[in-house]
Amino acid sequence: MFYASSLLLLAGVWVGSTVAEWPQGVPLDEFIVEEREIALRGVLDNIGPNGARVPGAAPGIVIASPSKQNPDYFYTWTRDASLTFKTIVDEFIDGNADLQPYIDDFVHAQAILQTGSNPSGTLLPSGTGLGEPKYKADGTRFNGNWGRPQRDGPALRATALIGYANWLVEHGEKERVKTVIWPVIANDLSYVGEYWNSTGFDLWEEVMGSSFFTTQSQYRSLVEGGTLAETLGVLCEACSEAPQVLCFLQTYWNGEYFTANINDNSGRGGVDANTILGPIAAFDLHAACDSPSLQPCHSRVLANFKVFVDTFRNSSLYPINAGIPSTEGIAVGRYPEDSYFIGNPWYLITLGAAEFLYDAVAQWAAQGFITITPTSLPFFLGLYPNATTNSTYKRHKNSSPFHAIVNATTAYADSFVSIAQKYTPSTGSLAEQFLKTPPGTPLSATALTWSFASFVSMSARRAGRFPPSWLPSSSSLSLPSTCTASSVTGTYSPATAAGAPEVTVPCTTTVRLAVNATTYYGENVYVVGNITDLGIWDAENAQTMRSDRYTEAWPLWYAEVPLDVGPEGAVVAYKYVRQQDCGQDWVWEEGNRTVVVPGCGGEGVVEEEGAWVGRGGSAGGVSCVKDKR
Ligand code: NOJ
Ligand code: NOJ
């Protein structure tokens with residue numbers, strides 16, 4: 001190990017030489033015990049209001065990472081926050097009572113976030129604002145350019161909250177669930193039931209289309225939402241969409257693997273961690289392996305897992321995996337075409353691969369047999385070379401291959417954790433990625449909440465701790481014979497008992513703004529002004545403008561922004577602002593512009609045009625550090 005001396009040095013300074021070999025030098029079991037503590041602490045340290053790493057975050061707000069530049073992750077994403085809270089709720093149910101105040105803060109924070117108007121829309125009248133992917137640390141809207149809407153957020157949040165709600169119901173707090181938590185869940189379920197069949201951005205915020213992870217998460221939320229509604233004696237009309245969502249979920253299968261994105265034009269091959277993270281988020285220990293909910297132990301899901309992992313065995317893609325035998329775990333990342341920070345392995349995906357395998361093993365053990373189909377045979381052959389197709393191996397037979405397969409799969413899972421261990425720094429902190437070439441240095445966002453949460457959930461599965469079931473045992477979940485593109489119009493209202501402010505149907509007038517501004521490639525123009533919808537003079541919160549009609553002769557930047565100025569109308573002050581590349585300062589227009597915006601309910605569109613006033617920007621040049629976006 002050529003960097004042993006620097007490790008020793010670090011260890012010597014910080015913690016004394018006896019633990020110099022931590023974490024690489026310790027046995028896996030020991031590593032997991034210690035790292036799990038660090039990871040759980042890491043999660044809590046990134047949550048407001050008291051999180052040690054995130055001063056300024058509002059109560060219950062989960063910051064994605066304390067990193068404020070290259071990349072700036074000092075925001076809360078509904079996906080990251082909800083997946084994290086799913087894990088926190090599971091840990092709470094498992095007996096960690098200290099976590100309850102965090103969960104109550106989360107409920108409160110989400111009720112507020114649901115009601116704010118944002119660039120995706122509003123809560124009233126039709127729920128569009130729920131598709132907003134991220135918010136500022138204080139819970140206010142983020143107006144910058146982003147891949148929106150993202151439709152996995154409401155589903156994942158519903159799932160996290162339903163887990164908590166079920167526990168409360170079992171502990172005699174049905175009324176509290178009905179009045180406080182259900183209204184938050186109901187908004188999210190309404191959104192899922194109304195928009196599951198509309199395209200949106202995938203979990204990696206890059207591809208506009210339909211996404212496997214999103215669809216699978218949506219299915220789960222509608223099923224468990226329906227069960228909870230029944231328990232509470234309330235209606236969930238959106239939940240009746242579940243069979244159609246399930247039908248749609250099957251269509252991602254291409255004969256060899258699940259294509260991560262469909263109805264898109266990303267031009268990618270479709271092999272993607274999206275389809276591994278979906279099944280672990282939808283995991284139900286007691287589900288049958290042939291359940292169309294697509295559990296980790298499903299034949300197609302296992303086949304897909306092998307295709308996914310093997311893609312990253314290619315050492316020209318990930319040099320770090322060179323020389324690792326095909327029976328052992330490797331470092332895995334988002335998808336082979338990834339170029340974000342040059343495209344590296346991710347901790348949460350490598351740990352997710354382990355969790356996936358522990359889940360499958362647990363499901364085989366729970367049902368007491370393993371069935372191998374022609375589809376899953378390649379997966380099993382890798383672990384048990386004598387596997388034969390169309391065979392069922394029962395656990396209770398002593399000589400049964402069942403045990404050999406379970407042992408091999410568990411060892412395989414462990415080997416993915418060992419890879420994560422190998423690239424964990426001595427502090428135990430988990431970034432987003434580690435370099436695909438030796439020495440696998442951590443990079444991109446530091447102390448990523450989602451990385452930590454994935455360690456916590458992986459170690460729970462490895463220790464035989466499983467979340468409550470969510471799939472009803474009845475056969476009523478069979479697939480419709482034909483899929484229909486349906487939708488149920490949602491009903492939305494602020495969850496005031498959970499702390500949401502009262503809101504009313506917004507009163508907006510659309511203003512069309514256009515400015516001629518010659519820009520260099522990489523420079524963007526925004527509009528900022530003195531009202532909330534224009535960011536109150538904060539460039540970070542300005543509204544984006546479009547350049548799809550920009551030409552050299554006519555350098556047009558334009559935007560159509562819905563402005564809420566109340567029924568009376570108002571004179572709004574604004575100006576344009578240029579965002580420079582490479583983290584340079586913004587360039588503001590000289591002087592202020594004004595526009596008279598009529599009150600809502602009256603005339604719709606106001607048109608304003610002009611030419612940029614003031615100096616232009618200049619590119620940062622070759623020497624600047626590019627935030628690869
Ligand atoms: C930031 C997103 O969070 C990340 O997922 C994406 O890869 C990059 N932007 C590039 O689009
Ligand atoms: C980038 C990831 O692609 C996305 O899934 C995540 O939500 C953000 N980073 C924040 O962690």
# chains A, B, ... in the order shown; residues from 1 in each chain; ligands from 1
>>> residues_near_ligand(ligand="ligand 1", cutoff="9 Å", atoms="only C-alpha atoms and all ligand atoms", output="PDB file with C-alpha atoms, in the first residue's frame")
ATOM      1  CA  PRO A  71     -20.397  21.178  -6.272  1.00  0.00           C
ATOM      2  CA  TYR A  73     -25.048  20.822  -2.512  1.00  0.00           C
ATOM      3  CA  TRP A 146     -32.622  22.821 -12.982  1.00  0.00           C
ATOM      4  CA  GLY A 147     -34.026  19.550 -14.303  1.00  0.00           C
ATOM      5  CA  LEU A 203     -33.284  10.694 -10.224  1.00  0.00           C
ATOM      6  CA  TRP A 204     -29.957  11.861 -11.679  1.00  0.00           C
ATOM      7  CA  GLU A 205     -31.693  15.053 -12.841  1.00  0.00           C
ATOM      8  CA  GLU A 206     -30.545  14.700 -16.408  1.00  0.00           C
ATOM      9  CA  VAL A 207     -33.033  12.758 -18.510  1.00  0.00           C
ATOM     10  CA  ASP A 338     -21.800   9.220 -16.951  1.00  0.00           C
ATOM     11  CA  SER A 339     -19.533  12.262 -17.249  1.00  0.00           C
ATOM     12  CA  TYR A 340     -20.469  14.170 -14.091  1.00  0.00           C
ATOM     13  CA  PHE A 341     -17.104  14.765 -12.375  1.00  0.00           C
ATOM     14  CA  GLY A 343     -18.095   9.680 -14.113  1.00  0.00           C
ATOM     15  CA  LYS A 628     -18.812  19.916 -14.671  1.00  0.00           C
ATOM     16  CA  ARG A 629     -22.507  20.465 -15.246  1.00  0.00           C
TER      17      ARG A 629
END
>>> residues_near_ligand(ligand="ligand 2", cutoff="10 Å", atoms="only C-alpha atoms and all ligand atoms", output="PyMOL selection string")
chain A and resi 63-65+71-81+133-134+150+153+202-206+274+334+340+432+444-445+448-451
>>> write_last_selection(atoms="C-alpha atoms", output="short mmCIF file (atom, residue, chain, number, x, y, z; two decimals), in the first residue's frame")
data_model
loop_
_atom_site.label_atom_id
_atom_site.label_comp_id
_atom_site.auth_asym_id
_atom_site.auth_seq_id
_atom_site.Cartn_x
_atom_site.Cartn_y
_atom_site.Cartn_z
CA ILE A 63 -29.03 19.16 3.53
CA ALA A 64 -27.65 16.97 0.73
CA SER A 65 -24.05 17.78 1.67
CA PRO A 71 -20.40 21.18 -6.27
CA ASP A 72 -22.79 23.33 -4.28
CA TYR A 73 -25.05 20.82 -2.51
CA PHE A 74 -26.09 23.11 0.32
CA TYR A 75 -29.75 22.56 -0.57
CA THR A 76 -32.40 20.06 0.33
CA TRP A 77 -33.55 17.61 -2.32
CA THR A 78 -36.87 15.89 -1.68
CA ARG A 79 -35.44 12.60 -2.98
CA ASP A 80 -32.33 12.55 -0.79
CA ALA A 81 -34.28 13.78 2.23
CA PRO A 133 -36.68 18.81 -6.84
CA LYS A 134 -34.81 21.07 -4.44
CA GLN A 150 -38.86 15.36 -10.69
CA GLY A 153 -39.93 13.07 -4.63
CA ASP A 202 -34.94 11.06 -13.62
CA LEU A 203 -33.28 10.69 -10.22
CA TRP A 204 -29.96 11.86 -11.68
CA GLU A 205 -31.69 15.05 -12.84
CA GLU A 206 -30.54 14.70 -16.41
CA ASN A 274 -31.63 3.52 -11.19
CA ARG A 334 -24.56 5.59 -11.93
CA TYR A 340 -20.47 14.17 -14.09
CA GLU A 432 -20.53 11.16 -3.19
CA SER A 444 -17.43 15.50 -5.53
CA ALA A 445 -19.67 16.44 -2.59
CA LEU A 448 -23.06 13.24 1.45
CA THR A 449 -26.16 12.49 3.50
CA TRP A 450 -27.40 9.89 1.05
CA SER A 451 -24.05 8.05 1.18
#
>>> closest_residue(among="A:Arg220, A:Arg615, A:Arg512, A:Lys397", to="Ile280 in chain A", atoms="only C-alpha atoms")
A:Arg220
>>> select_by_dssp(residues="range 384-601 of chain A", states="strand (DSSP E)", output="ChimeraX atom specification")
/A:391-394,433-434,442-443,508-516,524-529,543-544,556-564,570-579,587-588,593-597
>>> residues_around(residues="Leu383 in chain A", least_positions_apart="5", cutoff="8 Å", atoms="only C-alpha atoms", output="NGL selection string")
:A and (327 or 405 or 408-409)
>>> write_last_selection(atoms="C-alpha atoms", output="PDB file, in the first residue's frame")
ATOM      1  CA  THR A 327     -17.183 -13.597  -8.679  1.00  0.00           C
ATOM      2  CA  ILE A 405     -26.194 -20.239  -3.006  1.00  0.00           C
ATOM      3  CA  ALA A 408     -22.071 -17.415  -1.973  1.00  0.00           C
ATOM      4  CA  THR A 409     -24.517 -14.531  -2.400  1.00  0.00           C
TER       5      THR A 409
END
>>> residues_around(residues="Phe248 in chain A", least_positions_apart="5", cutoff="9 Å", atoms="only C-alpha atoms", output="PyMOL selection string")
chain A and resi 197+215+243+483-485
>>> write_last_selection(atoms="C-alpha atoms", output="compact mmCIF listing (two decimals), in the first residue's frame")
# COMPACT_ATOMS: atom_id res chain seq x y z
CA ASN A 197 -48.03 8.96 -16.49
CA THR A 215 -42.38 4.48 -11.50
CA PRO A 243 -52.51 -1.43 -10.90
CA CYS A 483 -52.03 -1.11 -19.57
CA THR A 484 -53.99 2.13 -19.71
CA ALA A 485 -52.56 5.62 -19.55
>>> residues_around(residues="range 357-362 of chain A", least_positions_apart="4", cutoff="10 Å", atoms="only C-alpha atoms", output="ChimeraX atom specification")
/A:279-280,283-286,289,295-298,301-302,305,352-353,366-368,370,405-414,416,458-466
>>> residues_around(residues="Phe85 in chain A", least_positions_apart="4", cutoff="8 Å", atoms="only C-alpha atoms", output="VMD selection string")
chain A and resid 81 89 103 106 160
>>> select_by_dssp(residues="range 193-440 of chain A", states="helix (DSSP H, G or I)", output="number ranges by chain")
A: 193-195, 212-232, 238-250, 274-281, 299-311, 319-321, 340-342, 347-367, 377-383, 401-422
>>> closest_residue(among="A:Pro494, A:Pro119, A:Trp612, A:Leu235", to="Asn145 in chain A", atoms="only C-alpha atoms")
A:Pro119
>>> closest_residue(among="A:Ile330, A:Ile38, A:Ala287, A:Ala281", to="Gln363 in chain A", atoms="only C-alpha atoms")
A:Ala287
>>> atom_distance(atom1="CA of Ala498 in chain A", atom2="CA of Val180 in chain A")
5.0 Å
>>> residues_around(residues="Ile324 in chain A", least_positions_apart="3", cutoff="12 Å", atoms="only C-alpha atoms", output="ChimeraX atom specification")
/A:310,312-315,318-321,327-331,415-416,419
>>> atom_distance(atom1="CA of Tyr191 in chain A", atom2="CA of Gln244 in chain A")
15.1 Å
>>> atom_distance(atom1="CA of Cys507 in chain A", atom2="CA of Asp533 in chain A")
12.0 Å
>>> closest_residue(among="A:Trp346, A:Phe212, A:Trp167, A:Tyr335", to="Arg268 in chain A", atoms="only C-alpha atoms")
A:Tyr335
>>> closest_residue(among="A:Thr231, A:Ala165, A:Asn143, A:Tyr219", to="Gly121 in chain A", atoms="only C-alpha atoms")
A:Asn143
